[in-house]
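*Asks:* My file is data07.cif. It has mmCIF, N, CA and C atoms:
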```
data_final
loop_
_atom_site.label_atom_id
_atom_site.label_comp_id
_atom_site.auth_asym_id
_atom_site.auth_seq_id
_atom_site.Cartn_x
_atom_site.Cartn_y
_atom_site.Cartn_z
N MET A 325 37.74 -108.40 69.01
CA MET A 325 38.10 -109.55 69.80
C MET A 325 38.84 -110.55 68.91
N ILE A 326 39.96 -111.05 69.38
CA ILE A 326 40.74 -112.02 68.63
C ILE A 326 40.41 -113.41 69.16
N CYS A 327 40.04 -114.32 68.27
CA CYS A 327 39.73 -115.70 68.66
C CYS A 327 40.88 -116.59 68.22
N LEU A 328 41.40 -117.37 69.13
CA LEU A 328 42.48 -118.31 68.84
C LEU A 328 42.00 -119.72 69.11
N SER A 329 42.44 -120.66 68.28
CA SER A 329 42.12 -122.06 68.56
C SER A 329 42.85 -122.46 69.85
N GLU A 330 42.42 -123.53 70.46
CA GLU A 330 43.08 -123.99 71.70
C GLU A 330 44.55 -124.30 71.44
N ARG A 331 44.83 -124.92 70.30
CA ARG A 331 46.20 -125.29 69.98
C ARG A 331 47.07 -124.04 69.79
N THR A 332 46.54 -123.05 69.07
CA THR A 332 47.29 -121.81 68.86
C THR A 332 47.48 -121.07 70.18
N ALA A 333 46.46 -121.02 70.99
CA ALA A 333 46.56 -120.35 72.29
C ALA A 333 47.60 -121.04 73.17
N ALA A 334 47.61 -122.36 73.13
CA ALA A 334 48.59 -123.11 73.93
C ALA A 334 50.01 -122.83 73.44
N ALA A 335 50.18 -122.78 72.11
CA ALA A 335 51.51 -122.50 71.55
C ALA A 335 51.98 -121.10 71.94
N VAL A 336 51.08 -120.12 71.87
CA VAL A 336 51.43 -118.75 72.26
C VAL A 336 51.79 -118.71 73.74
N PHE A 337 51.00 -119.38 74.57
CA PHE A 337 51.26 -119.41 76.01
C PHE A 337 52.62 -120.01 76.30
N LEU A 338 52.94 -121.17 75.66
CA LEU A 338 54.23 -121.81 75.88
C LEU A 338 55.38 -120.93 75.39
N ALA A 339 55.18 -120.26 74.26
CA ALA A 339 56.23 -119.37 73.75
C ALA A 339 56.48 -118.23 74.73
N LEU A 340 55.42 -117.68 75.32
CA LEU A 340 55.58 -116.60 76.28
C LEU A 340 56.28 -117.09 77.55
N ILE A 341 55.92 -118.29 78.00
CA ILE A 341 56.58 -118.85 79.18
C ILE A 341 58.05 -119.08 78.89
N TRP A 342 58.35 -119.70 77.72
CA TRP A 342 59.73 -120.00 77.34
C TRP A 342 60.52 -118.69 77.25
N THR A 343 59.92 -117.67 76.63
CA THR A 343 60.60 -116.38 76.49
C THR A 343 60.88 -115.76 77.85
N SER A 344 59.88 -115.78 78.74
CA SER A 344 60.10 -115.16 80.04
C SER A 344 61.10 -115.95 80.88
N SER A 345 61.07 -117.30 80.78
CA SER A 345 62.04 -118.08 81.54
C SER A 345 63.42 -117.94 80.92
N SER A 346 63.49 -117.79 79.59
CA SER A 346 64.78 -117.60 78.92
C SER A 346 65.42 -116.31 79.36
N ALA A 347 64.61 -115.27 79.46
CA ALA A 347 65.14 -113.97 79.88
C ALA A 347 65.67 -114.04 81.30
N ALA A 348 65.09 -114.91 82.10
CA ALA A 348 65.51 -115.05 83.49
C ALA A 348 66.69 -116.00 83.63
N GLY A 349 67.19 -116.56 82.51
CA GLY A 349 68.33 -117.46 82.57
C GLY A 349 67.97 -118.88 82.92
N GLU A 350 66.74 -119.29 82.70
CA GLU A 350 66.30 -120.62 83.07
C GLU A 350 66.03 -121.49 81.85
N CYS A 351 66.92 -121.47 80.88
CA CYS A 351 66.75 -122.30 79.70
C CYS A 351 67.04 -123.76 80.06
N PRO A 352 66.31 -124.69 79.45
CA PRO A 352 66.51 -126.11 79.78
C PRO A 352 67.83 -126.63 79.20
N THR A 353 68.33 -127.71 79.76
CA THR A 353 69.49 -128.38 79.20
C THR A 353 69.03 -129.17 77.98
N PHE A 354 69.88 -129.32 76.98
CA PHE A 354 69.47 -130.00 75.76
C PHE A 354 69.62 -131.52 75.85
N THR A 355 70.35 -132.01 76.82
CA THR A 355 70.65 -133.44 76.90
C THR A 355 69.56 -134.23 77.61
N GLY A 356 69.52 -135.52 77.30
CA GLY A 356 68.68 -136.44 78.06
C GLY A 356 67.21 -136.47 77.71
N ARG A 357 66.82 -135.92 76.56
CA ARG A 357 65.41 -135.99 76.19
C ARG A 357 65.23 -135.82 74.70
N GLU A 358 64.02 -136.11 74.24
CA GLU A 358 63.66 -135.89 72.85
C GLU A 358 63.06 -134.50 72.71
N TRP A 359 63.27 -133.91 71.54
CA TRP A 359 62.75 -132.58 71.23
C TRP A 359 61.97 -132.63 69.93
N GLU A 360 61.03 -131.72 69.78
CA GLU A 360 60.32 -131.57 68.52
C GLU A 360 60.43 -130.12 68.10
N PHE A 361 60.92 -129.91 66.88
CA PHE A 361 61.13 -128.56 66.35
C PHE A 361 60.40 -128.41 65.03
N THR A 362 59.95 -127.19 64.77
CA THR A 362 59.36 -126.82 63.50
C THR A 362 60.18 -125.70 62.90
N GLY A 363 60.46 -125.81 61.61
CA GLY A 363 61.22 -124.78 60.92
C GLY A 363 61.31 -125.11 59.43
N HIS A 364 62.08 -124.32 58.71
CA HIS A 364 62.26 -124.54 57.27
C HIS A 364 63.50 -125.38 57.01
N LEU A 365 63.35 -126.36 56.12
CA LEU A 365 64.46 -127.23 55.75
C LEU A 365 65.24 -126.60 54.61
N VAL A 366 66.53 -126.41 54.83
CA VAL A 366 67.43 -125.88 53.80
C VAL A 366 68.67 -126.76 53.75
N ASN A 367 69.39 -126.65 52.62
CA ASN A 367 70.67 -127.34 52.56
C ASN A 367 71.72 -126.40 51.99
N ARG A 368 72.96 -126.72 52.25
CA ARG A 368 74.08 -125.93 51.76
C ARG A 368 75.17 -126.90 51.30
N ILE A 369 75.89 -126.48 50.26
CA ILE A 369 76.98 -127.30 49.72
C ILE A 369 78.30 -126.75 50.25
N PHE A 370 79.13 -127.64 50.76
CA PHE A 370 80.45 -127.29 51.27
C PHE A 370 81.50 -128.10 50.52
N PRO A 371 82.71 -127.56 50.37
CA PRO A 371 83.78 -128.34 49.73
C PRO A 371 84.29 -129.43 50.67
N GLY A 372 84.49 -130.61 50.10
CA GLY A 372 84.98 -131.75 50.87
C GLY A 372 86.39 -132.14 50.45
N PRO A 373 86.67 -133.45 50.48
CA PRO A 373 88.00 -133.91 50.13
C PRO A 373 88.29 -133.66 48.64
N PRO A 374 89.50 -133.49 48.25
CA PRO A 374 90.69 -133.72 49.07
C PRO A 374 91.16 -132.49 49.84
N ASN A 375 90.82 -131.27 49.38
CA ASN A 375 91.41 -130.06 49.99
C ASN A 375 90.46 -129.27 50.88
N TYR A 376 89.16 -129.55 50.82
CA TYR A 376 88.17 -128.83 51.63
C TYR A 376 88.22 -127.32 51.39
N GLU A 377 88.47 -126.93 50.13
CA GLU A 377 88.60 -125.50 49.81
C GLU A 377 87.61 -125.02 48.78
N SER A 378 87.41 -125.78 47.68
CA SER A 378 86.60 -125.27 46.58
C SER A 378 86.02 -126.41 45.76
N VAL A 379 84.70 -126.42 45.64
CA VAL A 379 84.03 -127.42 44.81
C VAL A 379 84.40 -127.19 43.34
N THR A 380 84.48 -125.92 42.93
CA THR A 380 84.80 -125.61 41.53
C THR A 380 86.23 -126.00 41.17
N SER A 381 87.10 -126.16 42.17
CA SER A 381 88.48 -126.58 41.91
C SER A 381 88.66 -128.09 42.04
N GLY A 382 87.56 -128.81 42.22
CA GLY A 382 87.66 -130.26 42.23
C GLY A 382 87.38 -130.95 43.54
N ASP A 383 87.18 -130.20 44.62
CA ASP A 383 86.84 -130.85 45.88
C ASP A 383 85.44 -131.46 45.78
N LYS A 384 85.24 -132.59 46.44
CA LYS A 384 83.95 -133.26 46.44
C LYS A 384 82.91 -132.39 47.17
N PRO A 385 81.73 -132.17 46.56
CA PRO A 385 80.71 -131.39 47.26
C PRO A 385 80.07 -132.21 48.38
N ILE A 386 79.91 -131.58 49.53
CA ILE A 386 79.25 -132.20 50.68
C ILE A 386 77.99 -131.39 50.97
N THR A 387 76.85 -132.07 50.98
CA THR A 387 75.58 -131.40 51.27
C THR A 387 75.27 -131.56 52.74
N ARG A 388 75.01 -130.43 53.39
CA ARG A 388 74.60 -130.45 54.79
C ARG A 388 73.18 -129.90 54.88
N TRP A 389 72.40 -130.47 55.77
CA TRP A 389 70.98 -130.13 55.92
C TRP A 389 70.77 -129.38 57.22
N TYR A 390 69.89 -128.36 57.17
CA TYR A 390 69.65 -127.50 58.33
C TYR A 390 68.15 -127.26 58.53
N LEU A 391 67.79 -127.10 59.78
CA LEU A 391 66.45 -126.66 60.15
C LEU A 391 66.58 -125.23 60.63
N GLN A 392 65.99 -124.29 59.87
CA GLN A 392 66.00 -122.88 60.27
C GLN A 392 64.78 -122.63 61.14
N LEU A 393 65.01 -122.19 62.36
CA LEU A 393 63.94 -121.99 63.33
C LEU A 393 63.25 -120.65 63.12
N PRO A 394 61.96 -120.56 63.44
CA PRO A 394 61.24 -119.28 63.28
C PRO A 394 61.64 -118.25 64.34
N TRP A 395 62.20 -118.69 65.45
CA TRP A 395 62.72 -117.79 66.48
C TRP A 395 63.84 -118.54 67.21
N PRO A 396 64.72 -117.82 67.88
CA PRO A 396 65.87 -118.47 68.52
C PRO A 396 65.48 -119.44 69.63
N ALA A 397 66.21 -120.54 69.69
CA ALA A 397 66.05 -121.52 70.77
C ALA A 397 67.06 -121.19 71.86
N CYS A 398 66.71 -121.56 73.06
CA CYS A 398 67.57 -121.27 74.21
C CYS A 398 67.74 -122.54 75.04
N PHE A 399 68.97 -122.88 75.29
CA PHE A 399 69.30 -124.00 76.18
C PHE A 399 70.30 -123.51 77.20
N ALA A 400 70.40 -124.20 78.32
CA ALA A 400 71.30 -123.76 79.39
C ALA A 400 72.72 -123.60 78.87
N GLU A 401 73.12 -124.51 77.96
CA GLU A 401 74.48 -124.51 77.46
C GLU A 401 74.68 -123.60 76.24
N TYR A 402 73.61 -123.36 75.49
CA TYR A 402 73.66 -122.56 74.25
C TYR A 402 72.44 -121.67 74.18
N ARG A 403 72.64 -120.44 73.77
CA ARG A 403 71.52 -119.50 73.67
C ARG A 403 71.46 -118.89 72.27
N TYR A 404 70.27 -118.46 71.90
CA TYR A 404 70.04 -117.74 70.64
C TYR A 404 70.41 -118.56 69.41
N LEU A 405 70.05 -119.83 69.41
CA LEU A 405 70.30 -120.68 68.26
C LEU A 405 69.17 -120.50 67.25
N THR A 406 69.52 -120.16 66.03
CA THR A 406 68.51 -119.92 65.00
C THR A 406 68.42 -121.06 63.98
N GLU A 407 69.36 -122.00 64.04
CA GLU A 407 69.28 -123.17 63.18
C GLU A 407 70.05 -124.33 63.80
N PHE A 408 69.61 -125.52 63.42
CA PHE A 408 70.29 -126.75 63.81
C PHE A 408 70.69 -127.48 62.54
N GLN A 409 71.86 -128.08 62.58
CA GLN A 409 72.21 -128.98 61.49
C GLN A 409 71.49 -130.29 61.76
N LEU A 410 70.98 -130.93 60.71
CA LEU A 410 70.34 -132.23 60.83
C LEU A 410 71.33 -133.28 60.38
N SER A 411 71.22 -134.45 60.93
CA SER A 411 72.15 -135.51 60.62
C SER A 411 71.41 -136.71 60.02
N PRO A 412 71.01 -136.61 58.74
CA PRO A 412 70.28 -137.73 58.14
C PRO A 412 71.22 -138.87 57.76
N THR A 413 70.68 -140.07 57.76
CA THR A 413 71.43 -141.21 57.24
C THR A 413 71.36 -141.12 55.71
N PRO A 414 72.26 -141.79 55.00
CA PRO A 414 72.20 -141.77 53.52
C PRO A 414 70.83 -142.22 52.99
N GLN A 415 70.17 -143.13 53.69
CA GLN A 415 68.85 -143.60 53.26
C GLN A 415 67.77 -142.54 53.43
N GLU A 416 67.98 -141.59 54.33
CA GLU A 416 66.98 -140.55 54.60
C GLU A 416 67.09 -139.34 53.68
N VAL A 417 68.18 -139.23 52.93
CA VAL A 417 68.41 -138.04 52.11
C VAL A 417 67.31 -137.82 51.08
N ASP A 418 66.81 -138.89 50.44
CA ASP A 418 65.73 -138.73 49.46
C ASP A 418 64.48 -138.16 50.12
N THR A 419 64.19 -138.58 51.33
CA THR A 419 63.05 -138.02 52.07
C THR A 419 63.28 -136.54 52.33
N TYR A 420 64.49 -136.17 52.69
CA TYR A 420 64.79 -134.77 52.96
C TYR A 420 64.58 -133.92 51.72
N ARG A 421 64.99 -134.42 50.56
CA ARG A 421 64.89 -133.64 49.32
C ARG A 421 63.45 -133.20 49.04
N GLN A 422 62.48 -134.05 49.32
CA GLN A 422 61.09 -133.70 49.01
C GLN A 422 60.56 -132.57 49.90
N PHE A 423 61.23 -132.31 51.02
CA PHE A 423 60.80 -131.25 51.93
C PHE A 423 61.67 -130.00 51.83
N LEU A 424 62.65 -129.99 50.95
CA LEU A 424 63.57 -128.86 50.82
C LEU A 424 62.81 -127.56 50.58
N GLY A 425 63.10 -126.55 51.38
CA GLY A 425 62.45 -125.25 51.26
C GLY A 425 61.09 -125.16 51.93
N LYS A 426 60.63 -126.24 52.52
CA LYS A 426 59.31 -126.27 53.15
C LYS A 426 59.43 -126.24 54.66
N GLU A 427 58.32 -125.87 55.29
CA GLU A 427 58.27 -125.91 56.74
C GLU A 427 58.01 -127.36 57.16
N ILE A 428 58.84 -127.84 58.06
CA ILE A 428 58.75 -129.24 58.50
C ILE A 428 58.74 -129.32 60.02
N ARG A 429 58.40 -130.50 60.50
CA ARG A 429 58.49 -130.80 61.93
C ARG A 429 59.41 -132.01 62.04
N VAL A 430 60.36 -131.92 62.95
CA VAL A 430 61.29 -133.03 63.16
C VAL A 430 61.39 -133.31 64.64
N LYS A 431 61.42 -134.60 64.97
CA LYS A 431 61.55 -135.03 66.36
C LYS A 431 62.86 -135.77 66.49
N GLY A 432 63.62 -135.45 67.52
CA GLY A 432 64.89 -136.12 67.70
C GLY A 432 65.60 -135.68 68.96
N THR A 433 66.82 -136.16 69.10
CA THR A 433 67.65 -135.75 70.23
C THR A 433 68.66 -134.72 69.74
N LEU A 434 69.25 -134.00 70.67
CA LEU A 434 70.26 -133.01 70.33
C LEU A 434 71.62 -133.48 70.83
N GLU A 435 72.63 -133.26 70.01
CA GLU A 435 74.01 -133.54 70.39
C GLU A 435 74.85 -132.33 70.03
N GLU A 436 75.97 -132.19 70.71
CA GLU A 436 76.88 -131.10 70.37
C GLU A 436 77.50 -131.37 69.02
N GLY A 437 77.63 -130.32 68.21
CA GLY A 437 78.27 -130.44 66.92
C GLY A 437 79.76 -130.71 67.06
N VAL A 438 80.29 -131.49 66.13
CA VAL A 438 81.72 -131.82 66.10
C VAL A 438 82.40 -130.90 65.10
N PRO A 439 83.36 -130.07 65.54
CA PRO A 439 84.04 -129.18 64.60
C PRO A 439 84.64 -129.96 63.43
N GLY A 440 84.47 -129.40 62.22
CA GLY A 440 84.94 -130.07 61.02
C GLY A 440 83.90 -130.96 60.38
N ARG A 441 83.00 -131.47 61.19
CA ARG A 441 81.91 -132.32 60.68
C ARG A 441 80.59 -131.57 60.68
N HIS A 442 80.39 -130.73 61.67
CA HIS A 442 79.15 -129.97 61.81
C HIS A 442 79.46 -128.47 61.80
N THR A 443 78.48 -127.69 61.43
CA THR A 443 78.69 -126.24 61.38
C THR A 443 77.79 -125.49 62.36
N THR A 444 77.03 -126.21 63.17
CA THR A 444 76.21 -125.57 64.20
C THR A 444 76.60 -126.13 65.57
N SER A 445 76.29 -125.38 66.60
CA SER A 445 76.63 -125.80 67.96
C SER A 445 75.93 -127.09 68.36
N LEU A 446 74.66 -127.21 67.95
CA LEU A 446 73.88 -128.41 68.26
C LEU A 446 73.37 -129.04 66.96
N VAL A 447 73.29 -130.36 66.96
CA VAL A 447 72.85 -131.14 65.81
C VAL A 447 71.64 -131.96 66.23
N VAL A 448 70.61 -131.99 65.38
CA VAL A 448 69.44 -132.83 65.64
C VAL A 448 69.69 -134.20 65.03
N ILE A 449 69.57 -135.23 65.86
CA ILE A 449 69.63 -136.61 65.40
C ILE A 449 68.18 -137.08 65.28
N PRO A 450 67.65 -137.12 64.06
CA PRO A 450 66.22 -137.44 63.91
C PRO A 450 65.87 -138.84 64.39
N LEU A 451 64.76 -138.92 65.12
CA LEU A 451 64.25 -140.21 65.59
C LEU A 451 62.99 -140.60 64.83
N GLN A 452 62.46 -139.65 64.08
CA GLN A 452 61.21 -139.86 63.37
C GLN A 452 61.34 -139.22 62.00
N THR A 453 60.71 -139.82 61.01
CA THR A 453 60.74 -139.28 59.67
C THR A 453 60.19 -137.87 59.66
N LEU A 454 60.80 -137.03 58.81
CA LEU A 454 60.34 -135.65 58.69
C LEU A 454 58.88 -135.61 58.28
N GLN A 455 58.19 -134.59 58.74
CA GLN A 455 56.81 -134.38 58.37
C GLN A 455 56.61 -132.93 58.00
N ALA A 456 55.75 -132.69 57.02
CA ALA A 456 55.40 -131.31 56.70
C ALA A 456 54.65 -130.75 57.89
N ALA A 457 54.96 -129.51 58.24
CA ALA A 457 54.28 -128.85 59.36
C ALA A 457 52.92 -128.37 58.87
N HIS A 458 51.92 -128.56 59.69
CA HIS A 458 50.57 -128.12 59.33
C HIS A 458 50.19 -126.95 60.21
N ARG A 459 49.79 -125.88 59.59
CA ARG A 459 49.37 -124.68 60.31
C ARG A 459 47.88 -124.70 60.49
N LEU A 460 47.42 -124.21 61.61
CA LEU A 460 45.97 -124.10 61.85
C LEU A 460 45.48 -122.75 61.43
#
```
What would you get if you wrote out this structure as structure tokens?
*Replies:*
Amino acid sequence: MICLSERTAAAVFLALIWTSSSAAGECPTFTGREWEFTGHLVNRIFPGPPNYESVTSGDKPITRWYLQLPWPACFAEYRYLTEFQLSPTPQEVDTYRQFLGKEIRVKGTLEEGVPGRHTTSLVVIPLQTLQAAHRL
């Protein structure tokens, strides 16, 4: 017999409902509400100005932050998203660094990514400071 805590059982139940509704084409719209996601925080360096081609050739390095999801997210407008770019303010970057490589929880709104500025279809605009995710 497998015993699950109420919280774990609820999470499994919601994941099964989301999966079954996703398969039926009933993914929610991403606009107009706050979301809470759990995943691993990673960053990547991209070449910036002046040529946006190569950091080793002198372009300014641009650090972008991402939340890698444990399973794909599904929205009416976008399906099978495995990561979101995060959009921290310059003041929030130090907070992000302490969670790099760790599982975190972030609460925020979703916006469509802007080509050239973002590298994912949807971007999380954090409304709450990042928190380490706690597993039961």
*Asks:* Would you pick out the contacts of His442 (chain A) at 12 Å or less, using only C-alpha atoms, so that residues sharing its chain but fewer than 3 positions from it are not included, and give the list as a PDB file with N, CA and C atoms, in the frame of the given file?
*Replies:*
```pdb
ATOM      1  N   ARG A 368      72.960-126.720  52.250  1.00  0.00           N
ATOM      2  CA  ARG A 368      74.080-125.930  51.760  1.00  0.00           C
ATOM      3  C   ARG A 368      75.170-126.900  51.300  1.00  0.00           C
ATOM      4  N   PHE A 370      79.130-127.640  50.760  1.00  0.00           N
ATOM      5  CA  PHE A 370      80.450-127.290  51.270  1.00  0.00           C
ATOM      6  C   PHE A 370      81.500-128.100  50.520  1.00  0.00           C
ATOM      7  N   ILE A 386      79.910-131.580  49.530  1.00  0.00           N
ATOM      8  CA  ILE A 386      79.250-132.200  50.680  1.00  0.00           C
ATOM      9  C   ILE A 386      77.990-131.390  50.970  1.00  0.00           C
ATOM     10  N   THR A 387      76.850-132.070  50.980  1.00  0.00           N
ATOM     11  CA  THR A 387      75.580-131.400  51.270  1.00  0.00           C
ATOM     12  C   THR A 387      75.270-131.560  52.740  1.00  0.00           C
ATOM     13  N   ARG A 388      75.010-130.430  53.390  1.00  0.00           N
ATOM     14  CA  ARG A 388      74.600-130.450  54.790  1.00  0.00           C
ATOM     15  C   ARG A 388      73.180-129.900  54.880  1.00  0.00           C
ATOM     16  N   TRP A 389      72.400-130.470  55.770  1.00  0.00           N
ATOM     17  CA  TRP A 389      70.980-130.130  55.920  1.00  0.00           C
ATOM     18  C   TRP A 389      70.770-129.380  57.220  1.00  0.00           C
ATOM     19  N   TYR A 390      69.890-128.360  57.170  1.00  0.00           N
ATOM     20  CA  TYR A 390      69.650-127.500  58.330  1.00  0.00           C
ATOM     21  C   TYR A 390      68.150-127.260  58.530  1.00  0.00           C
ATOM     22  N   PHE A 408      69.610-125.520  63.420  1.00  0.00           N
ATOM     23  CA  PHE A 408      70.290-126.750  63.810  1.00  0.00           C
ATOM     24  C   PHE A 408      70.690-127.480  62.540  1.00  0.00           C
ATOM     25  N   GLN A 409      71.860-128.080  62.580  1.00  0.00           N
ATOM     26  CA  GLN A 409      72.210-128.980  61.490  1.00  0.00           C
ATOM     27  C   GLN A 409      71.490-130.290  61.760  1.00  0.00           C
ATOM     28  N   LEU A 410      70.980-130.930  60.710  1.00  0.00           N
ATOM     29  CA  LEU A 410      70.340-132.230  60.830  1.00  0.00           C
ATOM     30  C   LEU A 410      71.330-133.280  60.380  1.00  0.00           C
ATOM     31  N   SER A 411      71.220-134.450  60.930  1.00  0.00           N
ATOM     32  CA  SER A 411      72.150-135.510  60.620  1.00  0.00           C
ATOM     33  C   SER A 411      71.410-136.710  60.020  1.00  0.00           C
ATOM     34  N   GLU A 435      72.630-133.260  70.010  1.00  0.00           N
ATOM     35  CA  GLU A 435      74.010-133.540  70.390  1.00  0.00           C
ATOM     36  C   GLU A 435      74.850-132.330  70.030  1.00  0.00           C
ATOM     37  N   GLU A 436      75.970-132.190  70.710  1.00  0.00           N
ATOM     38  CA  GLU A 436      76.880-131.100  70.370  1.00  0.00           C
ATOM     39  C   GLU A 436      77.500-131.370  69.020  1.00  0.00           C
ATOM     40  N   GLY A 437      77.630-130.320  68.210  1.00  0.00           N
ATOM     41  CA  GLY A 437      78.270-130.440  66.920  1.00  0.00           C
ATOM     42  C   GLY A 437      79.760-130.710  67.060  1.00  0.00           C
ATOM     43  N   VAL A 438      80.290-131.490  66.130  1.00  0.00           N
ATOM     44  CA  VAL A 438      81.720-131.820  66.100  1.00  0.00           C
ATOM     45  C   VAL A 438      82.400-130.900  65.100  1.00  0.00           C
ATOM     46  N   PRO A 439      83.360-130.070  65.540  1.00  0.00           N
ATOM     47  CA  PRO A 439      84.040-129.180  64.600  1.00  0.00           C
ATOM     48  C   PRO A 439      84.640-129.960  63.430  1.00  0.00           C
ATOM     49  N   SER A 445      76.290-125.380  66.600  1.00  0.00           N
ATOM     50  CA  SER A 445      76.630-125.800  67.960  1.00  0.00           C
ATOM     51  C   SER A 445      75.930-127.090  68.360  1.00  0.00           C
ATOM     52  N   LEU A 446      74.660-127.210  67.950  1.00  0.00           N
ATOM     53  CA  LEU A 446      73.880-128.410  68.260  1.00  0.00           C
ATOM     54  C   LEU A 446      73.370-129.040  66.960  1.00  0.00           C
ATOM     55  N   VAL A 447      73.290-130.360  66.960  1.00  0.00           N
ATOM     56  CA  VAL A 447      72.850-131.140  65.810  1.00  0.00           C
ATOM     57  C   VAL A 447      71.640-131.960  66.230  1.00  0.00           C
ATOM     58  N   VAL A 448      70.610-131.990  65.380  1.00  0.00           N
ATOM     59  CA  VAL A 448      69.440-132.830  65.640  1.00  0.00           C
ATOM     60  C   VAL A 448      69.690-134.200  65.030  1.00  0.00           C
TER      61      VAL A 448
END
```
*Asks:* Residues within 7 Å of Leu451 (chain A), please, as a PyMOL selection string. Count all atoms listed in the file; anything in the same chain fewer than 2 positions from it doesn't count.
*Replies:* chain A and resi 430-433+448-449+453
*Asks:* Let me see the file: selected residues, N, CA and C atoms, as a short mmCIF file (atom, residue, chain, number, x, y, z; two decimals), in the frame of the given file.
*Replies:*
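The resulting file, out-v8.cif, is shown below:
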```
data_model
loop_
_atom_site.label_atom_id
_atom_site.label_comp_id
_atom_site.auth_asym_id
_atom_site.auth_seq_id
_atom_site.Cartn_x
_atom_site.Cartn_y
_atom_site.Cartn_z
N VAL A 430 60.36 -131.92 62.95
CA VAL A 430 61.29 -133.03 63.16
C VAL A 430 61.39 -133.31 64.64
N LYS A 431 61.42 -134.60 64.97
CA LYS A 431 61.55 -135.03 66.36
C LYS A 431 62.86 -135.77 66.49
N GLY A 432 63.62 -135.45 67.52
CA GLY A 432 64.89 -136.12 67.70
C GLY A 432 65.60 -135.68 68.96
N THR A 433 66.82 -136.16 69.10
CA THR A 433 67.65 -135.75 70.23
C THR A 433 68.66 -134.72 69.74
N VAL A 448 70.61 -131.99 65.38
CA VAL A 448 69.44 -132.83 65.64
C VAL A 448 69.69 -134.20 65.03
N ILE A 449 69.57 -135.23 65.86
CA ILE A 449 69.63 -136.61 65.40
C ILE A 449 68.18 -137.08 65.28
N THR A 453 60.71 -139.82 61.01
CA THR A 453 60.74 -139.28 59.67
C THR A 453 60.19 -137.87 59.66
#
```
*Asks:* Using all atoms listed in the file, which residue out of A:Pro371, A:Leu424, A:Trp359, A:Thr406 lies closest to Pro394 (chain A)?
*Replies:*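 Comparing A:Pro371, A:Leu424, A:Trp359, A:Thr406 against Pro394 (chain A), the winner is A:Thr406.
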*Asks:* Quick one: pull the distance between atom C of Leu393 (chain A) and CA of Glu416 (chain A), Å, one decimal.
*Replies:* 22.0 Å
*Asks:* Between A:Asn375, A:Thr380, A:Thr444, A:Gln392, which residue has the minimum interatomic distance to Gly363 (chain A), considering only C-alpha atoms?
*Replies:*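 Smallest distance to Gly363 (chain A) is found for A:Gln392.
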*Asks:* With only N, CA and C atoms as the atoms that count, which of A:Ile428, A:Val366, A:Val417, A:Ala400 lies nearest to Ala456 (chain A)?
*Replies:*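 Ranking A:Ile428, A:Val366, A:Val417, A:Ala400 by distance to Ala456 (chain A), first place goes to A:Ile428.
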*Asks:* I'd like the contact shell of Thr355 (chain A) - 7 Å cut-off, only N, CA and C atoms, skipping same-chain residues fewer than 3 positions apart - returned as a ChimeraX atom specification.
*Replies:* /A:352,358,434
*Asks:* Would you return as number ranges by chain the members of region 327-456 of chain A that DSSP assigns to strand (DSSP E) on this structure's backbone?
*Replies:* A: 359-371, 385-397, 405-410, 427-436, 446-450, 455-456
*Asks:* Ranking A:Thr443, A:Ser378, A:Gln415, A:Thr353 by minimum distance to Glu401 (chain A) and counting only C-alpha atoms, which one comes first?
*Replies:*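 Ranked by minimum distance to Glu401 (chain A), first place goes to A:Thr353.
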*Asks:* Work out how far apart CA of Glu360 (chain A) and CA of Pro414 (chain A) are and give it in Å to one decimal.
*Replies:* 21.7 Å
*Asks:* If we draw a sphere of 5 Å around (66.1, -122.7, 67.2), which residues have at least one atom in it when counting only N, CA and C atoms? Please report them as a PyMOL selection string.
*Replies:* chain A and resi 393+395-397+405-407
*Asks:* I'd like the interatomic distance between CA of Gln452 (chain A) and CA of Arg429 (chain A), to a tenth of an Å.
*Replies:*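 The value is 9.6 Å.
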*Asks:* Considering all atoms listed in the file, return as a PyMOL selection string whatever protein or nucleic-acid residues lie within 8 Å of Phe423 (chain A), sequence-local ones (same chain, fewer than 2 positions apart) excluded.
*Replies:* chain A and resi 364-366+418-421+425-428+454-456
